[in-house]
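This is coords.pdb (PDB, C-alpha atoms, pLDDT in the B column).
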```pdb
ATOM      1  CA  MET A   1       6.003   8.713  -8.800  1.00 57.00           C
ATOM      2  CA  LEU A   2       5.087   6.196  -6.094  1.00 71.00           C
ATOM      3  CA  PRO A   3       3.470   3.133  -7.700  1.00 77.00           C
ATOM      4  CA  THR A   4       0.433   1.708  -5.945  1.00 87.00           C
ATOM      5  CA  THR A   5       0.344  -2.045  -5.341  1.00 92.00           C
ATOM      6  CA  VAL A   6      -2.975  -3.853  -4.962  1.00 95.00           C
ATOM      7  CA  LEU A   7      -3.277  -7.422  -3.685  1.00 96.00           C
ATOM      8  CA  VAL A   8      -6.398  -9.304  -4.775  1.00 95.00           C
ATOM      9  CA  ILE A   9      -7.294 -12.156  -2.412  1.00 93.00           C
ATOM     10  CA  HIS A  10     -10.071 -14.311  -3.827  1.00 91.00           C
ATOM     11  CA  HIS A  11     -10.718 -18.025  -4.289  1.00 89.00           C
ATOM     12  CA  ASP A  12     -11.896 -17.648  -7.895  1.00 89.00           C
ATOM     13  CA  GLU A  13      -9.201 -17.469 -10.561  1.00 92.00           C
ATOM     14  CA  ILE A  14     -11.466 -15.727 -13.072  1.00 90.00           C
ATOM     15  CA  TYR A  15     -12.346 -13.062 -10.500  1.00 88.00           C
ATOM     16  CA  ARG A  16      -8.702 -12.442  -9.688  1.00 92.00           C
ATOM     17  CA  ALA A  17      -7.713 -12.269 -13.360  1.00 93.00           C
ATOM     18  CA  THR A  18     -10.592  -9.933 -14.202  1.00 92.00           C
ATOM     19  CA  VAL A  19      -9.919  -7.513 -11.350  1.00 92.00           C
ATOM     20  CA  SER A  20      -6.185  -7.603 -12.068  1.00 95.00           C
ATOM     21  CA  GLN A  21      -6.791  -6.718 -15.705  1.00 94.00           C
ATOM     22  CA  PHE A  22      -9.090  -3.847 -14.713  1.00 94.00           C
ATOM     23  CA  LEU A  23      -6.503  -2.398 -12.332  1.00 95.00           C
ATOM     24  CA  GLU A  24      -3.431  -2.988 -14.484  1.00 95.00           C
ATOM     25  CA  SER A  25      -5.121  -1.009 -17.262  1.00 94.00           C
ATOM     26  CA  ALA A  26      -5.144   1.923 -14.806  1.00 93.00           C
ATOM     27  CA  SER A  27      -1.397   1.493 -14.106  1.00 92.00           C
ATOM     28  CA  TYR A  28      -1.709  -0.233 -10.729  1.00 94.00           C
ATOM     29  CA  ALA A  29       0.722  -3.008  -9.847  1.00 93.00           C
ATOM     30  CA  VAL A  30      -1.410  -6.036  -9.020  1.00 96.00           C
ATOM     31  CA  LEU A  31      -0.626  -9.194  -7.056  1.00 96.00           C
ATOM     32  CA  GLN A  32      -2.904 -12.199  -6.585  1.00 97.00           C
ATOM     33  CA  ALA A  33      -3.529 -14.785  -3.870  1.00 95.00           C
ATOM     34  CA  ASN A  34      -6.240 -17.406  -3.555  1.00 92.00           C
ATOM     35  CA  THR A  35      -5.899 -17.791   0.220  1.00 90.00           C
ATOM     36  CA  LEU A  36      -4.977 -15.688   3.229  1.00 87.00           C
ATOM     37  CA  GLU A  37      -2.030 -18.002   3.845  1.00 90.00           C
ATOM     38  CA  ILE A  38      -0.528 -17.163   0.459  1.00 94.00           C
ATOM     39  CA  ALA A  39      -1.314 -13.493   1.052  1.00 93.00           C
ATOM     40  CA  GLN A  40       0.701 -13.573   4.279  1.00 91.00           C
ATOM     41  CA  VAL A  41       3.749 -14.769   2.329  1.00 93.00           C
ATOM     42  CA  ILE A  42       3.314 -11.866  -0.095  1.00 94.00           C
ATOM     43  CA  PHE A  43       2.991  -9.375   2.772  1.00 90.00           C
ATOM     44  CA  ALA A  44       6.266 -10.648   4.208  1.00 85.00           C
ATOM     45  CA  GLU A  45       8.103 -10.238   0.911  1.00 86.00           C
ATOM     46  CA  GLN A  46       6.920  -6.875  -0.399  1.00 86.00           C
ATOM     47  CA  HIS A  47       4.883  -3.777   0.254  1.00 85.00           C
ATOM     48  CA  VAL A  48       1.151  -3.693  -0.501  1.00 90.00           C
ATOM     49  CA  ASP A  49      -0.968  -0.521  -0.438  1.00 89.00           C
ATOM     50  CA  VAL A  50      -4.485  -1.858  -0.960  1.00 92.00           C
ATOM     51  CA  VAL A  51      -6.072  -5.265  -0.386  1.00 93.00           C
ATOM     52  CA  ILE A  52      -9.228  -6.436  -2.120  1.00 92.00           C
ATOM     53  CA  LEU A  53     -10.225  -9.198   0.260  1.00 88.00           C
ATOM     54  CA  GLU A  54     -12.874 -11.858  -0.235  1.00 84.00           C
ATOM     55  CA  LEU A  55     -14.495 -12.826   3.016  1.00 75.00           C
ATOM     56  CA  VAL A  56     -16.456 -16.027   3.538  1.00 68.00           C
ATOM     57  CA  SER A  57     -18.532 -15.865   6.717  1.00 54.00           C
ATOM     58  CA  SER A  58     -18.906 -19.624   6.991  1.00 47.00           C
ATOM     59  CA  GLN A  59     -15.151 -20.129   7.231  1.00 47.00           C
ATOM     60  CA  VAL A  60     -13.783 -17.347   9.385  1.00 51.00           C
ATOM     61  CA  ASP A  61     -14.649 -14.381  11.567  1.00 68.00           C
ATOM     62  CA  GLU A  62     -14.451 -11.653   8.958  1.00 67.00           C
ATOM     63  CA  VAL A  63     -14.314  -8.790  11.453  1.00 74.00           C
ATOM     64  CA  ASP A  64     -11.455 -10.484  13.295  1.00 79.00           C
ATOM     65  CA  ILE A  65      -9.492 -10.899  10.051  1.00 82.00           C
ATOM     66  CA  ILE A  66      -9.793  -7.211   9.197  1.00 82.00           C
ATOM     67  CA  ARG A  67      -8.738  -6.118  12.673  1.00 81.00           C
ATOM     68  CA  LYS A  68      -5.727  -8.435  12.648  1.00 84.00           C
ATOM     69  CA  LEU A  69      -4.641  -7.180   9.217  1.00 85.00           C
ATOM     70  CA  ILE A  70      -4.845  -3.550  10.333  1.00 80.00           C
ATOM     71  CA  GLN A  71      -2.997  -4.310  13.564  1.00 77.00           C
ATOM     72  CA  THR A  72      -0.243  -6.119  11.676  1.00 81.00           C
ATOM     73  CA  TYR A  73      -0.080  -3.803   8.655  1.00 82.00           C
ATOM     74  CA  PRO A  74      -1.347  -0.425   9.900  1.00 77.00           C
ATOM     75  CA  TYR A  75      -0.863   1.373   6.579  1.00 78.00           C
ATOM     76  CA  LEU A  76      -3.108  -1.029   4.627  1.00 85.00           C
ATOM     77  CA  ARG A  77      -6.344   0.081   3.034  1.00 87.00           C
ATOM     78  CA  ILE A  78      -8.746  -2.847   2.913  1.00 88.00           C
ATOM     79  CA  ILE A  79     -11.603  -3.266   0.450  1.00 88.00           C
ATOM     80  CA  VAL A  80     -13.909  -6.181   1.181  1.00 84.00           C
ATOM     81  CA  THR A  81     -15.726  -8.144  -1.507  1.00 83.00           C
ATOM     82  CA  ALA A  82     -18.371 -10.799  -0.965  1.00 73.00           C
ATOM     83  CA  SER A  83     -21.201 -12.407  -2.877  1.00 66.00           C
ATOM     84  CA  HIS A  84     -23.523 -13.062   0.056  1.00 60.00           C
ATOM     85  CA  SER A  85     -23.558 -10.484   2.839  1.00 55.00           C
ATOM     86  CA  SER A  86     -26.300  -8.603   4.644  1.00 51.00           C
ATOM     87  CA  ILE A  87     -26.335  -4.864   5.245  1.00 55.00           C
ATOM     88  CA  ASP A  88     -25.562  -5.509   8.917  1.00 62.00           C
ATOM     89  CA  GLU A  89     -22.508  -7.583   7.964  1.00 63.00           C
ATOM     90  CA  ALA A  90     -21.306  -4.863   5.621  1.00 62.00           C
ATOM     91  CA  VAL A  91     -21.673  -2.248   8.370  1.00 65.00           C
ATOM     92  CA  SER A  92     -19.704  -4.439  10.792  1.00 70.00           C
ATOM     93  CA  ILE A  93     -16.947  -4.866   8.226  1.00 67.00           C
ATOM     94  CA  ILE A  94     -16.646  -1.115   7.711  1.00 67.00           C
ATOM     95  CA  LYS A  95     -16.644  -0.479  11.465  1.00 70.00           C
ATOM     96  CA  ALA A  96     -13.831  -3.019  11.838  1.00 67.00           C
ATOM     97  CA  GLY A  97     -11.629  -0.871   9.618  1.00 66.00           C
ATOM     98  CA  ALA A  98     -12.378  -1.728   5.996  1.00 72.00           C
ATOM     99  CA  ILE A  99     -12.429   1.278   3.680  1.00 72.00           C
ATOM    100  CA  ASP A 100     -15.129   0.026   1.322  1.00 72.00           C
ATOM    101  CA  PHE A 101     -17.349  -2.937   0.521  1.00 66.00           C
ATOM    102  CA  ILE A 102     -18.032  -4.461  -2.907  1.00 71.00           C
ATOM    103  CA  GLN A 103     -21.115  -6.614  -3.267  1.00 66.00           C
ATOM    104  CA  GLU A 104     -20.403  -9.125  -6.019  1.00 66.00           C
ATOM    105  CA  PRO A 105     -23.406  -9.405  -8.337  1.00 59.00           C
ATOM    106  CA  HIS A 106     -24.417 -12.686  -9.904  1.00 54.00           C
ATOM    107  CA  GLY A 107     -22.224 -13.182 -12.954  1.00 50.00           C
ATOM    108  CA  TYR A 108     -19.721 -10.663 -11.619  1.00 50.00           C
ATOM    109  CA  VAL A 109     -17.618 -10.561 -14.782  1.00 48.00           C
ATOM    110  CA  GLN A 110     -20.556  -8.753 -16.361  1.00 46.00           C
ATOM    111  CA  LYS A 111     -21.814  -5.284 -15.517  1.00 43.00           C
ATOM    112  CA  PRO A 112     -22.130  -3.697 -12.982  1.00 49.00           C
ATOM    113  CA  PHE A 113     -18.837  -5.375 -12.079  1.00 68.00           C
ATOM    114  CA  SER A 114     -16.848  -3.174 -14.442  1.00 83.00           C
ATOM    115  CA  ALA A 115     -13.353  -1.758 -14.791  1.00 87.00           C
ATOM    116  CA  ARG A 116     -14.681   1.694 -13.976  1.00 88.00           C
ATOM    117  CA  THR A 117     -16.310   0.428 -10.778  1.00 87.00           C
ATOM    118  CA  ILE A 118     -13.221  -1.375  -9.508  1.00 90.00           C
ATOM    119  CA  GLN A 119     -10.868   1.470 -10.436  1.00 93.00           C
ATOM    120  CA  SER A 120     -13.146   3.971  -8.729  1.00 91.00           C
ATOM    121  CA  VAL A 121     -13.329   1.932  -5.525  1.00 89.00           C
ATOM    122  CA  VAL A 122      -9.534   1.604  -5.332  1.00 92.00           C
ATOM    123  CA  ARG A 123      -9.008   5.284  -6.129  1.00 90.00           C
ATOM    124  CA  LYS A 124     -11.487   6.328  -3.437  1.00 87.00           C
ATOM    125  CA  ALA A 125      -9.827   3.986  -0.944  1.00 86.00           C
ATOM    126  CA  LEU A 126      -6.474   5.662  -1.556  1.00 84.00           C
ATOM    127  CA  GLU A 127      -8.067   9.084  -1.200  1.00 80.00           C
ATOM    128  CA  SER A 128      -9.959   8.170   1.976  1.00 76.00           C
ATOM    129  CA  PRO A 129      -8.626   9.296   5.354  1.00 67.00           C
ATOM    130  CA  HIS A 130      -6.099   6.779   6.586  1.00 66.00           C
ATOM    131  CA  PRO A 131      -6.627   5.286  10.078  1.00 60.00           C
ATOM    132  CA  TRP A 132      -3.637   7.342  11.167  1.00 61.00           C
ATOM    133  CA  ALA A 133      -5.573  10.515  10.353  1.00 57.00           C
ATOM    134  CA  LYS A 134      -7.788   9.789  13.356  1.00 53.00           C
ATOM    135  CA  LEU A 135      -4.671  10.094  15.521  1.00 50.00           C
ATOM    136  CA  GLU A 136      -3.800  13.403  13.832  1.00 53.00           C
ATOM    137  CA  ALA A 137      -0.540  11.915  12.665  1.00 61.00           C
ATOM    138  CA  ALA A 138       1.592  14.575  11.059  1.00 79.00           C
ATOM    139  CA  TYR A 139       4.128  14.155   8.268  1.00 86.00           C
ATOM    140  CA  GLU A 140       6.974  13.966  10.775  1.00 87.00           C
ATOM    141  CA  THR A 141       5.126  11.380  12.868  1.00 84.00           C
ATOM    142  CA  LEU A 142       4.645   9.082   9.900  1.00 86.00           C
ATOM    143  CA  LEU A 143       8.312   9.373   8.944  1.00 90.00           C
ATOM    144  CA  GLN A 144       9.387   8.666  12.515  1.00 88.00           C
ATOM    145  CA  VAL A 145       7.252   5.519  12.559  1.00 85.00           C
ATOM    146  CA  ALA A 146       8.896   4.534   9.270  1.00 90.00           C
ATOM    147  CA  ARG A 147      12.347   5.022  10.785  1.00 90.00           C
ATOM    148  CA  ASP A 148      11.352   2.918  13.780  1.00 84.00           C
ATOM    149  CA  TYR A 149      10.444   0.077  11.416  1.00 85.00           C
ATOM    150  CA  ILE A 150      13.724   0.577   9.530  1.00 91.00           C
ATOM    151  CA  SER A 151      15.616   0.191  12.795  1.00 88.00           C
ATOM    152  CA  ARG A 152      13.824  -3.145  13.234  1.00 81.00           C
ATOM    153  CA  GLN A 153      14.657  -4.097   9.636  1.00 87.00           C
ATOM    154  CA  ASP A 154      10.950  -4.284   8.762  1.00 85.00           C
ATOM    155  CA  TYR A 155      11.281  -2.509   5.429  1.00 89.00           C
ATOM    156  CA  ASN A 156       7.834  -3.323   4.057  1.00 86.00           C
ATOM    157  CA  GLN A 157       6.162  -1.622   6.998  1.00 84.00           C
ATOM    158  CA  ALA A 158       8.592   1.293   6.675  1.00 90.00           C
ATOM    159  CA  ILE A 159       7.757   1.762   2.999  1.00 92.00           C
ATOM    160  CA  GLY A 160       4.057   1.858   3.848  1.00 87.00           C
ATOM    161  CA  PHE A 161       4.474   4.729   6.295  1.00 88.00           C
ATOM    162  CA  ILE A 162       6.875   6.615   4.030  1.00 92.00           C
ATOM    163  CA  LYS A 163       4.319   6.457   1.235  1.00 90.00           C
ATOM    164  CA  GLU A 164       1.611   7.593   3.642  1.00 85.00           C
ATOM    165  CA  ALA A 165       3.757  10.577   4.615  1.00 89.00           C
ATOM    166  CA  PHE A 166       4.216  11.410   0.940  1.00 91.00           C
ATOM    167  CA  ARG A 167       0.441  11.345   0.440  1.00 85.00           C
ATOM    168  CA  CYS A 168       0.112  13.608   3.477  1.00 83.00           C
ATOM    169  CA  ASP A 169       2.400  16.249   1.943  1.00 88.00           C
ATOM    170  CA  PRO A 170       3.706  15.498  -1.578  1.00 92.00           C
ATOM    171  CA  ALA A 171       5.490  18.856  -1.765  1.00 94.00           C
ATOM    172  CA  ARG A 172       8.150  17.940   0.806  1.00 95.00           C
ATOM    173  CA  PRO A 173      11.358  16.060  -0.090  1.00 97.00           C
ATOM    174  CA  GLU A 174      12.050  14.069   3.088  1.00 96.00           C
ATOM    175  CA  ALA A 175       9.777  11.120   2.325  1.00 96.00           C
ATOM    176  CA  LEU A 176      11.151  10.651  -1.178  1.00 96.00           C
ATOM    177  CA  ASN A 177      14.708  10.798   0.095  1.00 96.00           C
ATOM    178  CA  LEU A 178      14.024   8.240   2.838  1.00 96.00           C
ATOM    179  CA  LEU A 179      12.245   5.963   0.386  1.00 96.00           C
ATOM    180  CA  GLY A 180      15.265   6.215  -1.891  1.00 95.00           C
ATOM    181  CA  GLU A 181      17.502   5.171   0.981  1.00 95.00           C
ATOM    182  CA  VAL A 182      15.364   2.116   1.697  1.00 95.00           C
ATOM    183  CA  GLU A 183      15.234   1.132  -1.962  1.00 94.00           C
ATOM    184  CA  GLU A 184      18.980   1.557  -2.375  1.00 94.00           C
ATOM    185  CA  PHE A 185      19.588  -0.499   0.760  1.00 92.00           C
ATOM    186  CA  LEU A 186      17.388  -3.239  -0.708  1.00 92.00           C
ATOM    187  CA  GLY A 187      19.375  -3.246  -3.943  1.00 90.00           C
ATOM    188  CA  LYS A 188      16.958  -1.186  -6.045  1.00 92.00           C
ATOM    189  CA  ARG A 189      19.580   1.371  -7.004  1.00 91.00           C
ATOM    190  CA  LEU A 190      17.951   2.791 -10.130  1.00 93.00           C
ATOM    191  CA  GLU A 191      14.666   3.319  -8.312  1.00 94.00           C
ATOM    192  CA  ALA A 192      16.544   4.989  -5.485  1.00 94.00           C
ATOM    193  CA  LEU A 193      18.248   7.411  -7.876  1.00 95.00           C
ATOM    194  CA  LYS A 194      14.833   8.421  -9.209  1.00 95.00           C
ATOM    195  CA  LYS A 195      13.644   9.178  -5.677  1.00 96.00           C
ATOM    196  CA  TYR A 196      16.739  11.248  -4.846  1.00 96.00           C
ATOM    197  CA  ARG A 197      16.354  13.281  -8.045  1.00 97.00           C
ATOM    198  CA  ALA A 198      12.639  13.756  -7.401  1.00 96.00           C
ATOM    199  CA  ALA A 199      13.384  15.001  -3.876  1.00 96.00           C
ATOM    200  CA  ILE A 200      15.867  17.501  -5.283  1.00 97.00           C
ATOM    201  CA  ASP A 201      13.310  18.623  -7.861  1.00 96.00           C
ATOM    202  CA  LEU A 202      10.944  19.397  -4.989  1.00 96.00           C
ATOM    203  CA  ASP A 203      13.611  21.278  -3.050  1.00 97.00           C
ATOM    204  CA  PRO A 204      16.933  21.996  -4.817  1.00 96.00           C
ATOM    205  CA  THR A 205      18.442  23.050  -1.463  1.00 96.00           C
ATOM    206  CA  TYR A 206      17.674  19.766   0.306  1.00 97.00           C
ATOM    207  CA  GLN A 207      21.166  18.509   1.125  1.00 96.00           C
ATOM    208  CA  PRO A 208      20.401  14.922   2.292  1.00 95.00           C
ATOM    209  CA  ALA A 209      19.096  14.042  -1.170  1.00 96.00           C
ATOM    210  CA  GLN A 210      22.036  15.804  -2.822  1.00 96.00           C
ATOM    211  CA  ILE A 211      24.484  13.860  -0.660  1.00 94.00           C
ATOM    212  CA  ASN A 212      22.706  10.562  -1.346  1.00 94.00           C
ATOM    213  CA  LEU A 213      22.606  11.170  -5.087  1.00 95.00           C
ATOM    214  CA  HIS A 214      26.301  12.063  -5.184  1.00 94.00           C
ATOM    215  CA  ARG A 215      27.275   9.024  -3.106  1.00 92.00           C
ATOM    216  CA  ALA A 216      25.064   6.634  -5.067  1.00 92.00           C
ATOM    217  CA  THR A 217      26.487   7.786  -8.403  1.00 92.00           C
ATOM    218  CA  THR A 218      30.161   7.980  -7.406  1.00 91.00           C
ATOM    219  CA  ARG A 219      30.598   5.202  -4.850  1.00 84.00           C
ATOM    220  CA  LEU A 220      28.642   2.335  -6.304  1.00 76.00           C
ATOM    221  CA  HIS A 221      29.523  -0.222  -3.639  1.00 79.00           C
ATOM    222  CA  THR A 222      28.310   1.809  -0.665  1.00 79.00           C
ATOM    223  CA  ARG A 223      24.914   1.638   0.984  1.00 78.00           C
ATOM    224  CA  PRO A 224      23.048   4.487   2.643  1.00 81.00           C
ATOM    225  CA  LYS A 225      23.111   5.285   6.305  1.00 73.00           C
ATOM    226  CA  PHE A 226      19.531   6.009   7.165  1.00 64.00           C
ATOM    227  CA  GLY A 227      19.007   9.580   8.238  1.00 49.00           C
ATOM    228  CA  LYS A 228      16.441  12.312   8.239  1.00 46.00           C
TER     229      LYS A 228
END
```

Conversion result in structure tokens:
Amino acid sequence: MLPTTVLVIHHDEIYRATVSQFLESASYAVLQANTLEIAQVIFAEQHVDVVILELVSSQVDEVDIIRKLIQTYPYLRIIVTASHSSIDEAVSIIKAGAIDFIQEPHGYVQKPFSARTIQSVVRKALESPHPWAKLEAAYETLLQVARDYISRQDYNQAIGFIKEAFRCDPARPEALNLLGEVEEFLGKRLEALKKYRAAIDLDPTYQPAQINLHRATTRLHTRPKFGK
């Protein structure tokens, strides 16, 4: 219902293509970048759920990069990959906020670097407690944060927190309805209609989704007013 987008940041084109193929075969939407600079452009243009990030110790402070990413994009789940890292470096990376660490073997396009391994790591990252869980963030808290970002017209951040709320409680309709409003506002009308209908399927008495669905199908030139 809510597609997961993974951004693979790695200098090696073969690595990026291989990981992308592995993940696309499991129905993930995959984006690629060969530098952090290009990744920043992608972050600004669309929502990303998971990052597979290559870190090169000789070039940058890897711990600092992870902390800055989490501070800037709090909903992100970060998986780190590297070909030469010590156990101590891996521990530091995890402590900085990364969800998991992939040690690239020599000849990484061969086993044990397999589709099953990569898919499993991403799946576990999505299932892992989000940093917000440490703050005991409830469903309503996540949606309120999303609305705060909407008020600042930062829709990518808003989408991240809406999706996190949905993961927190997928049986409630509010997150789907709000996501539909954002998508409709951004011109993704057909996707928005799907979200409104899905919210109504969860709770046929939920009036905000009913109102949005009626408006979106009868007054095609209107845009939603963000609500609860």

- [ ] Pull out every residue that the PyMOL selection byres ((chain A and resi 32) around 7) matches in the shown coordinates and put them as a VMD selection string.
- [x] chain A and resid 7 to 9 16 30 to 31 33 to 34

Create the file for the chosen residues now, containing C-alpha atoms and written as a PDB file, in the coordinates of the input.
```
ATOM      1  CA  LEU A   7      -3.277  -7.422  -3.685  1.00 96.00           C
ATOM      2  CA  VAL A   8      -6.398  -9.304  -4.775  1.00 95.00           C
ATOM      3  CA  ILE A   9      -7.294 -12.156  -2.412  1.00 93.00           C
ATOM      4  CA  ARG A  16      -8.702 -12.442  -9.688  1.00 92.00           C
ATOM      5  CA  VAL A  30      -1.410  -6.036  -9.020  1.00 96.00           C
ATOM      6  CA  LEU A  31      -0.626  -9.194  -7.056  1.00 96.00           C
ATOM      7  CA  ALA A  33      -3.529 -14.785  -3.870  1.00 95.00           C
ATOM      8  CA  ASN A  34      -6.240 -17.406  -3.555  1.00 92.00           C
TER       9      ASN A  34
END
```

Open item on the list: Which residues, named as in the file, does the PyMOL selection byres ((chain A and resi 195) around 8) pick out? Answer as number ranges by chain.
Closed with: A: 176-177, 179-180, 191-194, 196-199

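Computed from the coordinates, the atom CA of A:Arg223 to atom CA of A:Glu183 distance equals 10.1 Å.
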
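Taking atom CA of A:Ile66 as the reference point, atom CA of A:Leu178 is found at 29.1 Å.
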
- [ ] Tell me which of A:Val63, A:Ile52, A:Ile200, A:Leu36 sits closest to A:Pro173, counting all atoms listed in the file.
- [x] A:Ile200

- [ ] For atom CA of A:Glu45 and atom CA of A:Arg172, quote the distance in Å rounded to one decimal.
- [x] 28.2 Å

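Shortest separation to A:Glu184 among A:Pro204, A:Gly160, A:Pro3, A:Pro224 occurs at residue A:Pro224, atoms counted being only C-alpha atoms.
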
Open item on the list: Expand the PyMOL selection byres ((chain A and resi 27) around 12) into the explicit residue set it covers here, and present it as a PyMOL selection string.
Closed with: chain A and resi 1-6+20-26+28-30+119+122-123

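When only C-alpha atoms are used to compute distances to A:Gln157, the closest of the residues A:Ile70, A:Ala209, A:Ala138, A:Ile14 turns out to be A:Ile70.
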
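Ranking A:Ile159, A:Ala216, A:Cys168, A:Ile102 by their shortest atom-to-atom distance to A:Tyr73, with only C-alpha atoms included, puts A:Ile159 first.
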
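The closest residue to A:Val121, picked from A:Val41, A:Ala171, A:Leu186, A:Ile78 and counting all atoms listed in the file, is A:Ile78.
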